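Participant: Got target.txt for you, compact mmCIF, C-alpha atoms and all ligand atoms:
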# COMPACT_ATOMS: atom_id res chain seq x y z
CA MET Y 6 0.00 0.00 0.00
CA SER Y 7 1.26 3.44 -0.85
CA ALA Y 8 1.89 5.41 2.34
CA ASP Y 9 0.01 8.50 1.22
CA ARG Y 10 -3.16 6.74 0.11
CA LEU Y 11 -5.73 5.67 2.65
CA THR Y 12 -7.11 2.13 2.45
CA LEU Y 13 -10.57 1.20 3.68
CA ALA Y 14 -11.84 -2.39 3.88
CA VAL Y 15 -15.51 -2.91 2.97
CA GLN Y 16 -17.66 -6.05 2.63
CA LYS Y 17 -17.60 -7.34 -0.96
CA LYS Y 18 -21.26 -8.40 -0.96
CA GLY Y 19 -23.90 -8.94 1.68
CA ARG Y 20 -25.86 -6.99 4.25
CA LEU Y 21 -23.10 -4.46 4.95
CA PHE Y 22 -22.27 -3.75 1.33
CA GLU Y 23 -25.25 -1.59 0.43
CA GLY Y 24 -24.98 0.65 3.49
CA SER Y 25 -21.23 1.01 3.04
CA GLU Y 26 -21.61 1.88 -0.63
CA GLU Y 27 -24.32 4.44 0.12
CA LEU Y 28 -22.26 6.02 2.89
CA LEU Y 29 -19.24 6.40 0.59
CA LYS Y 30 -21.39 7.81 -2.20
CA ARG Y 31 -23.06 10.37 0.07
CA ALA Y 32 -19.64 11.30 1.45
CA GLY Y 33 -18.68 12.25 -2.11
CA VAL Y 34 -16.29 9.39 -2.79
CA LYS Y 35 -16.17 8.51 -6.48
CA LEU Y 36 -14.80 5.06 -7.31
CA ALA Y 37 -13.12 4.18 -10.56
CA TYR Y 38 -14.99 1.44 -12.38
CA ALA Y 39 -13.42 -1.98 -11.97
CA ARG Y 40 -15.60 -5.06 -12.19
CA ASP Y 41 -14.95 -7.73 -9.54
CA ALA Y 42 -11.77 -6.01 -8.42
CA LEU Y 43 -10.40 -6.63 -4.93
CA LEU Y 44 -9.10 -3.08 -4.79
CA ARG Y 45 -10.84 -0.05 -6.28
CA ARG Y 46 -9.29 3.40 -6.40
CA SER Y 47 -11.18 6.57 -5.69
CA GLU Y 48 -11.05 9.03 -8.58
CA ASN Y 49 -11.36 12.13 -6.44
CA MET Y 50 -9.55 11.30 -3.16
CA PRO Y 51 -6.27 9.54 -2.22
CA LEU Y 52 -8.36 6.57 -1.09
CA ASP Y 53 -8.46 2.89 -2.06
CA ILE Y 54 -11.33 0.60 -1.11
CA MET Y 55 -10.62 -3.09 -0.57
CA PHE Y 56 -13.62 -5.41 -1.04
CA ILE Y 57 -13.41 -8.55 1.13
CA ARG Y 58 -15.55 -10.86 3.31
CA ASP Y 59 -16.79 -9.19 6.47
CA ASP Y 60 -15.10 -11.80 8.68
CA ASP Y 61 -11.71 -10.84 7.23
CA ILE Y 62 -12.10 -7.10 7.82
CA PRO Y 63 -10.95 -6.93 11.49
CA ASN Y 64 -7.78 -8.90 10.71
CA PHE Y 65 -6.98 -6.83 7.63
CA VAL Y 66 -7.23 -3.68 9.74
CA ALA Y 67 -5.47 -5.09 12.83
CA SER Y 68 -2.53 -6.23 10.70
CA GLY Y 69 -2.22 -2.83 9.00
CA ALA Y 70 -3.05 -4.21 5.54
CA CYS Y 71 -5.88 -1.66 5.59
CA ASP Y 72 -6.05 1.55 7.64
CA TYR Y 73 -9.79 1.46 8.33
CA GLY Y 74 -12.68 -0.96 7.85
CA ILE Y 75 -16.46 -1.05 8.00
CA VAL Y 76 -17.78 -4.07 9.90
CA GLY Y 77 -20.62 -5.16 12.19
CA GLU Y 78 -19.96 -4.97 15.93
CA ASN Y 79 -21.05 -8.62 16.16
CA VAL Y 80 -18.14 -9.75 13.95
CA LEU Y 81 -15.69 -7.30 15.54
CA TYR Y 82 -16.41 -8.39 19.12
CA GLU Y 83 -16.59 -12.11 18.29
CA LEU Y 84 -13.13 -11.96 16.69
CA ALA Y 85 -11.88 -9.82 19.59
CA GLU Y 86 -12.64 -12.78 21.87
CA ARG Y 87 -10.05 -14.79 19.90
CA SER Y 88 -7.42 -12.17 19.07
CA GLN Y 89 -5.61 -9.61 21.23
CA ARG Y 90 -4.82 -7.60 18.12
CA VAL Y 91 -8.45 -7.35 17.11
CA ALA Y 92 -9.41 -6.60 20.72
CA GLY Y 93 -7.08 -3.58 20.53
CA LEU Y 94 -8.81 -2.05 17.50
CA GLU Y 95 -10.43 1.32 17.98
CA VAL Y 96 -14.00 2.10 16.93
CA ALA Y 97 -13.67 5.48 15.18
CA LEU Y 98 -17.37 5.97 14.44
CA LYS Y 99 -20.70 4.21 14.83
CA LEU Y 100 -22.38 4.20 11.43
CA GLY Y 101 -26.03 3.54 12.28
CA PHE Y 102 -26.86 0.89 9.65
CA ALA Y 103 -27.01 -2.94 9.54
CA ARG Y 104 -28.54 -2.89 13.02
CA CYS Y 105 -29.35 -6.27 14.52
CA LYS Y 106 -29.29 -8.09 17.86
CA LEU Y 107 -27.50 -11.27 18.89
CA LYS Y 108 -30.18 -13.14 20.83
CA LEU Y 109 -30.67 -16.36 22.72
CA ALA Y 110 -33.77 -18.21 21.54
CA ALA Y 111 -35.45 -21.55 22.19
CA PRO Y 112 -38.50 -23.50 20.97
CA LYS Y 113 -41.85 -21.91 21.79
CA ASP Y 114 -43.60 -23.68 24.68
CA GLY Y 115 -40.43 -25.67 25.48
CA PRO Y 116 -38.59 -25.93 28.81
CA ILE Y 117 -36.20 -23.02 28.11
CA ALA Y 118 -37.62 -19.58 28.79
CA ARG Y 119 -34.78 -17.75 30.56
CA VAL Y 120 -30.99 -17.82 30.77
CA GLU Y 121 -30.94 -19.98 33.94
CA ASP Y 122 -32.85 -22.71 32.08
CA LEU Y 123 -29.80 -23.18 29.82
CA ALA Y 124 -27.77 -24.92 32.57
CA GLY Y 125 -26.64 -28.30 31.27
CA LYS Y 126 -28.21 -27.66 27.84
CA THR Y 127 -26.70 -27.25 24.35
CA ILE Y 128 -26.66 -23.97 22.37
CA ALA Y 129 -25.94 -23.75 18.63
CA THR Y 130 -24.30 -20.53 17.41
CA SER Y 131 -21.91 -18.93 14.92
CA TYR Y 132 -20.79 -16.67 17.80
CA PRO Y 133 -19.18 -19.06 20.31
CA GLY Y 134 -16.92 -16.42 21.87
CA LEU Y 135 -19.69 -13.93 22.64
CA THR Y 136 -22.08 -16.66 23.74
CA ARG Y 137 -19.52 -18.22 26.11
CA LYS Y 138 -18.64 -14.84 27.60
CA PHE Y 139 -22.29 -14.00 28.19
CA LEU Y 140 -22.98 -17.36 29.87
CA GLN Y 141 -19.90 -17.01 32.07
CA GLU Y 142 -21.02 -13.55 33.19
CA ARG Y 143 -24.40 -15.01 34.11
CA GLY Y 144 -22.82 -18.04 35.81
CA VAL Y 145 -24.57 -20.56 33.57
CA ASP Y 146 -22.78 -23.71 32.41
CA ALA Y 147 -23.96 -24.88 28.97
CA GLU Y 148 -22.36 -26.62 26.01
CA ILE Y 149 -21.77 -24.50 22.90
CA ILE Y 150 -22.07 -26.09 19.46
CA GLU Y 151 -20.46 -23.99 16.75
CA MET Y 152 -22.28 -23.79 13.41
CA GLY Y 153 -21.29 -21.87 10.27
CA GLY Y 154 -24.87 -21.02 9.29
CA SER Y 155 -28.54 -22.14 9.36
CA VAL Y 156 -28.36 -22.02 13.15
CA GLU Y 157 -32.14 -21.60 13.35
CA VAL Y 158 -32.73 -25.22 12.29
CA ALA Y 159 -30.60 -26.69 15.12
CA PRO Y 160 -33.37 -27.21 17.73
CA ARG Y 161 -35.74 -28.79 15.18
CA MET Y 162 -32.97 -31.12 13.98
CA ASN Y 163 -32.11 -32.07 17.59
CA ILE Y 164 -28.63 -30.60 17.21
CA ALA Y 165 -29.10 -28.22 20.14
CA ASP Y 166 -31.68 -27.19 22.76
CA ALA Y 167 -31.36 -23.47 22.05
CA ILE Y 168 -29.61 -21.03 19.70
CA CYS Y 169 -27.74 -17.75 19.89
CA ASP Y 170 -28.12 -15.92 16.57
CA LEU Y 171 -28.56 -12.55 14.89
CA VAL Y 172 -32.09 -11.22 14.67
CA SER Y 173 -33.40 -8.21 12.79
CA THR Y 174 -37.11 -8.53 11.99
CA GLY Y 175 -37.60 -11.76 13.96
CA ALA Y 176 -39.20 -13.49 10.95
CA THR Y 177 -36.58 -16.26 10.86
CA LEU Y 178 -37.13 -17.15 14.54
CA GLU Y 179 -40.90 -17.10 14.06
CA ALA Y 180 -40.73 -19.32 10.97
CA ASN Y 181 -38.73 -21.86 12.95
CA GLY Y 182 -40.96 -21.93 16.02
CA LEU Y 183 -38.38 -20.15 18.19
CA VAL Y 184 -38.80 -17.38 20.76
CA ALA Y 185 -36.01 -15.03 21.84
CA PHE Y 186 -35.63 -14.59 25.60
CA GLU Y 187 -32.38 -12.62 26.01
CA THR Y 188 -30.20 -10.13 24.09
CA VAL Y 189 -26.47 -10.87 24.18
CA LEU Y 190 -25.32 -7.95 21.99
CA GLU Y 191 -26.85 -5.00 20.14
CA SER Y 192 -24.95 -4.43 16.91
CA GLU Y 193 -24.59 -1.91 14.11
CA ALA Y 194 -21.97 -1.19 11.45
CA VAL Y 195 -18.91 0.64 12.79
CA LEU Y 196 -15.81 2.23 11.30
CA ILE Y 197 -12.71 0.63 12.83
CA ARG Y 198 -9.24 2.17 12.88
CA GLY Y 199 -6.00 0.21 12.61
CA PRO Y 200 -2.87 0.74 14.70
CA LYS Y 201 -0.93 2.70 12.05
CA ALA Y 202 -3.78 4.71 10.57
CA ALA Y 203 -3.14 7.84 12.62
CA VAL Y 204 0.53 8.18 11.67
CA ASN Y 205 0.11 7.24 8.04
CA GLY Y 206 0.64 10.01 5.44
CA ALA Y 207 -3.02 9.65 4.60
CA ALA Y 208 -4.21 10.60 8.11
CA GLU Y 209 -5.56 13.89 6.72
CA THR Y 210 -7.67 12.02 4.20
CA ALA Y 211 -9.01 9.91 7.08
CA GLU Y 212 -9.96 13.03 9.02
CA LEU Y 213 -11.78 14.45 6.01
CA LEU Y 214 -13.59 11.18 5.36
CA ILE Y 215 -14.70 10.76 8.99
CA ASP Y 216 -15.89 14.35 8.99
CA ARG Y 217 -18.01 13.69 5.91
CA PHE Y 218 -19.32 10.39 7.36
CA GLN Y 219 -20.43 12.30 10.46
CA GLY Y 220 -22.24 14.78 8.23
CA VAL Y 221 -24.04 11.97 6.40
CA ILE Y 222 -25.06 10.30 9.69
CA ALA Y 223 -26.27 13.59 11.19
CA SER Y 224 -28.35 14.35 8.09
CA ARG Y 225 -30.18 11.04 8.54
CA GLN Y 226 -31.45 11.84 12.03
O1 LIG Y 301 -19.84 -13.22 2.72
P1 LIG Y 301 -19.60 -12.51 4.02
O2 LIG Y 301 -18.88 -13.35 5.04
O3 LIG Y 301 -18.96 -11.16 3.79
O4 LIG Y 301 -21.06 -12.17 4.60
P2 LIG Y 301 -21.96 -12.95 5.68
O5 LIG Y 301 -22.84 -13.88 4.95
O6 LIG Y 301 -21.12 -13.44 6.80
O7 LIG Y 301 -22.79 -11.76 6.33
P3 LIG Y 301 -24.14 -11.01 5.89
O8 LIG Y 301 -23.91 -10.22 4.65
O9 LIG Y 301 -25.32 -11.91 5.96
O10 LIG Y 301 -24.26 -10.02 7.15
C1 LIG Y 301 -23.30 -9.06 7.37
C2 LIG Y 301 -23.63 -8.30 8.65
O11 LIG Y 301 -24.92 -7.70 8.57
C3 LIG Y 301 -23.73 -9.14 9.91
O12 LIG Y 301 -22.47 -9.52 10.44
C4 LIG Y 301 -24.47 -8.19 10.83
O13 LIG Y 301 -23.59 -7.23 11.36
C5 LIG Y 301 -25.42 -7.47 9.87
N1 LIG Y 301 -26.83 -7.96 9.94
C6 LIG Y 301 -27.90 -7.15 10.16
C7 LIG Y 301 -27.29 -9.22 9.82
C8 LIG Y 301 -28.67 -9.16 9.98
N2 LIG Y 301 -29.02 -7.87 10.17
C9 LIG Y 301 -29.44 -10.39 9.89
N3 LIG Y 301 -30.67 -10.35 10.05
N4 LIG Y 301 -26.66 -10.40 9.57
C10 LIG Y 301 -27.39 -11.51 9.47
N5 LIG Y 301 -28.74 -11.57 9.62
C11 LIG Y 301 -29.39 -12.92 9.44
C12 LIG Y 301 -29.43 -13.74 10.73
O14 LIG Y 301 -28.24 -14.48 10.89
C13 LIG Y 301 -30.63 -14.67 10.49
O15 LIG Y 301 -30.28 -15.78 9.71
O16 LIG Y 301 -30.73 -12.81 9.03
C14 LIG Y 301 -31.55 -13.78 9.67
C15 LIG Y 301 -32.51 -13.16 10.62
O17 LIG Y 301 -33.16 -12.08 10.05
P4 LIG Y 301 -34.65 -11.76 10.49
O18 LIG Y 301 -34.99 -10.48 9.80
O19 LIG Y 301 -35.51 -12.90 10.00
O20 LIG Y 301 -34.71 -11.61 11.99
ZN ZN Y 302 -19.23 -13.27 7.02
Spell out the structure here as structure tokens.

Facilitator:
Amino acid sequence: MSADRLTLAVQKKGRLFEGSEELLKRAGVKLAYARDALLRRSENMPLDIMFIRDDDIPNFVASGACDYGIVGENVLYELAERSQRVAGLEVALKLGFARCKLKLAAPKDGPIARVEDLAGKTIATSYPGLTRKFLQERGVDAEIIEMGGSVEVAPRMNIADAICDLVSTGATLEANGLVAFETVLESEAVLIRGPKAAVNGAAETAELLIDRFQGVIASRQ
């Protein structure tokens, strides 16, 4: 990476992509056209955008491969449970989109209706670090079963007694006969800053960009 150009990591496609793209557009960032490119240059600012999977964003920023990144707090704090470097990342700005909640849920009319009922039970989740930490804080001993996706089917398939998963509208829980009974984390998209971003020659560009992001966020309220 050139020292005087700022690099920002953004999700390549998915639920964060649209909000990130809109934020950049409204902040006046023009990107050069490049189909399917990993890295796209801005035409009107010394800024390069790197398009990657959201799960890779905290590590790209923590390692200094990118100066900043846009990622969900859920992913940031889950990875922070596993990595000191990620735990040390700074949240520069809360961005107010991709809001969701990480919730514990269990089958409707079943024996689990509160956190204490999870003692000795199994919980399926893609967020084992955050789930374990929450249970420890509440003094509940349960077994965590890590799943990469489709966590909502776990109780029905007898894989687990309960789940800990992201919820936005609640339609997925409802469709699977599950009821949420506790919130583990409230999440939104955030701008994270890497360890070298402030001393990089592009620090001024970062200041300008954050200033414009703040303007965009304020205009929404
Ligand atoms: O490919 P890549 O790894 O980059 O993307 P991904 O598939 O891991 O993530 P993606 O694009 O699905 O989500 C990216 C981020 O969006 C998440 O990390 C959250 O920060 C945020 N977000 C906001 C959500 C949701 N809302 C959400 N509802 N992420 C996932 N969901 C899923 C949830 O897991 C469940 O399956 O949507 C379903 C529930 O939605 P409702 O509306 O039925 O409650
Ligand atoms: Zn992902």

Participant: What does the structure give for the distance between atom O11 of ligand LIG 301 (chain Y) and CA of Pro63 (chain Y), in Å to one decimal?

Facilitator: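 Separation of atom O11 of ligand LIG 301 (chain Y) and CA of Pro63 (chain Y): 14.3 Å.
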
Participant: Pick the closest to Thr174 (chain Y) from Y:Cys105, Y:Leu11, Y:Arg161, Y:Arg143: which is it, counting all atoms listed in the file?

Facilitator: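 Of Y:Cys105, Y:Leu11, Y:Arg161, Y:Arg143, the one nearest Thr174 (chain Y) is Y:Cys105, counting all atoms listed in the file.
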
Participant: Considering all atoms listed in the file, return as a tab-separated table (two decimals) with C-alpha atoms, in the frame of the given file whatever protein or nucleic-acid residues lie within 12 Å of Gln226 (chain Y), sequence-local ones (same chain, fewer than 6 positions apart) excluded.

Facilitator:
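Once everything was written out, this is out.tsv:
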chain	number	residue	atom	x	y	z
Y	100	LEU	CA	-22.38	4.20	11.43
Y	101	GLY	CA	-26.03	3.54	12.28
Y	219	GLN	CA	-20.43	12.30	10.46
Y	220	GLY	CA	-22.24	14.78	8.23

Participant: Might you pull out every residue within 9 Å of Pro160 (chain Y), with all atoms listed in the file counted and same-chain residues fewer than 4 positions away left off, and present them as a list in words?

Facilitator: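 Residues meeting the cut-off are Ala111, Pro112, Ile128, Ala129, Val156, Ile164, Ala165, Asp166, Ala167, Ile168, Asn181 and Leu183 of chain Y.
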
Participant: Filtering to C-alpha atoms, could you give me those residues as a short mmCIF file (atom, residue, chain, number, x, y, z; two decimals), in the frame of the given file?

Facilitator:
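Ended up saving to part05.cif:
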data_model
loop_
_atom_site.label_atom_id
_atom_site.label_comp_id
_atom_site.auth_asym_id
_atom_site.auth_seq_id
_atom_site.Cartn_x
_atom_site.Cartn_y
_atom_site.Cartn_z
CA ALA Y 111 -35.45 -21.55 22.19
CA PRO Y 112 -38.50 -23.50 20.97
CA ILE Y 128 -26.66 -23.97 22.37
CA ALA Y 129 -25.94 -23.75 18.63
CA VAL Y 156 -28.36 -22.02 13.15
CA ILE Y 164 -28.63 -30.60 17.21
CA ALA Y 165 -29.10 -28.22 20.14
CA ASP Y 166 -31.68 -27.19 22.76
CA ALA Y 167 -31.36 -23.47 22.05
CA ILE Y 168 -29.61 -21.03 19.70
CA ASN Y 181 -38.73 -21.86 12.95
CA LEU Y 183 -38.38 -20.15 18.19
#

Participant: Could you list, as a list of chain:residue names, all residues that come within 7 Å of ligand ZN 302 (chain Y)? Count all atoms listed in the file.

Facilitator: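 The residues within 7 Å of ligand ZN 302 (chain Y), counting all atoms listed in the file, are Y:Arg58, Y:Asp59, Y:Asp60.
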
Participant: Counting only C-alpha atoms, find the residues whose atoms lie at most 7 Å from (-12.7, -8.3, 14.9) (file coordinates) and write them out as an MDAnalysis selection string.

Facilitator: chainID Y and resid 63:64 80:85 91:92

Participant: If the limit is 9 Å from any atom of ligand LIG 301 (chain Y), counting all atoms listed in the file, which residues qualify? Return them as a PyMOL selection string.

Facilitator: chain Y and resi 15-22+57-62+76-81+102-107+131+154-157+170-180+192-194

Participant: Could you jot down the CA of Ala37 (chain Y) to CA of Ile215 (chain Y) separation for me, Å, one decimal place?

Facilitator: 20.7 Å

Participant: Counting only C-alpha atoms, figure out which residue out of Y:Arg46, Y:Arg198, Y:Arg225, Y:Lys113 gets nearest to Leu28 (chain Y).

Facilitator: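 Among Y:Arg46, Y:Arg198, Y:Arg225, Y:Lys113, it is Y:Arg225 that comes nearest to Leu28 (chain Y).
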
Participant: With all atoms listed in the file as the basis for distance, which of Y:Leu52, Y:Ile149, Y:Ile222, Y:Ala97 is at the shortest distance from Ala203 (chain Y)?

Facilitator: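 Using all atoms listed in the file, Ala203 (chain Y) sits closest to Y:Ala97.
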
Participant: So, counting all atoms listed in the file, which residue among Y:Leu98, Y:Ile75, Y:Ala124, Y:Ala110 is closest to Phe56 (chain Y)?

Facilitator: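 Residue with the minimum atom-to-atom distance to Phe56 (chain Y): Y:Ile75.
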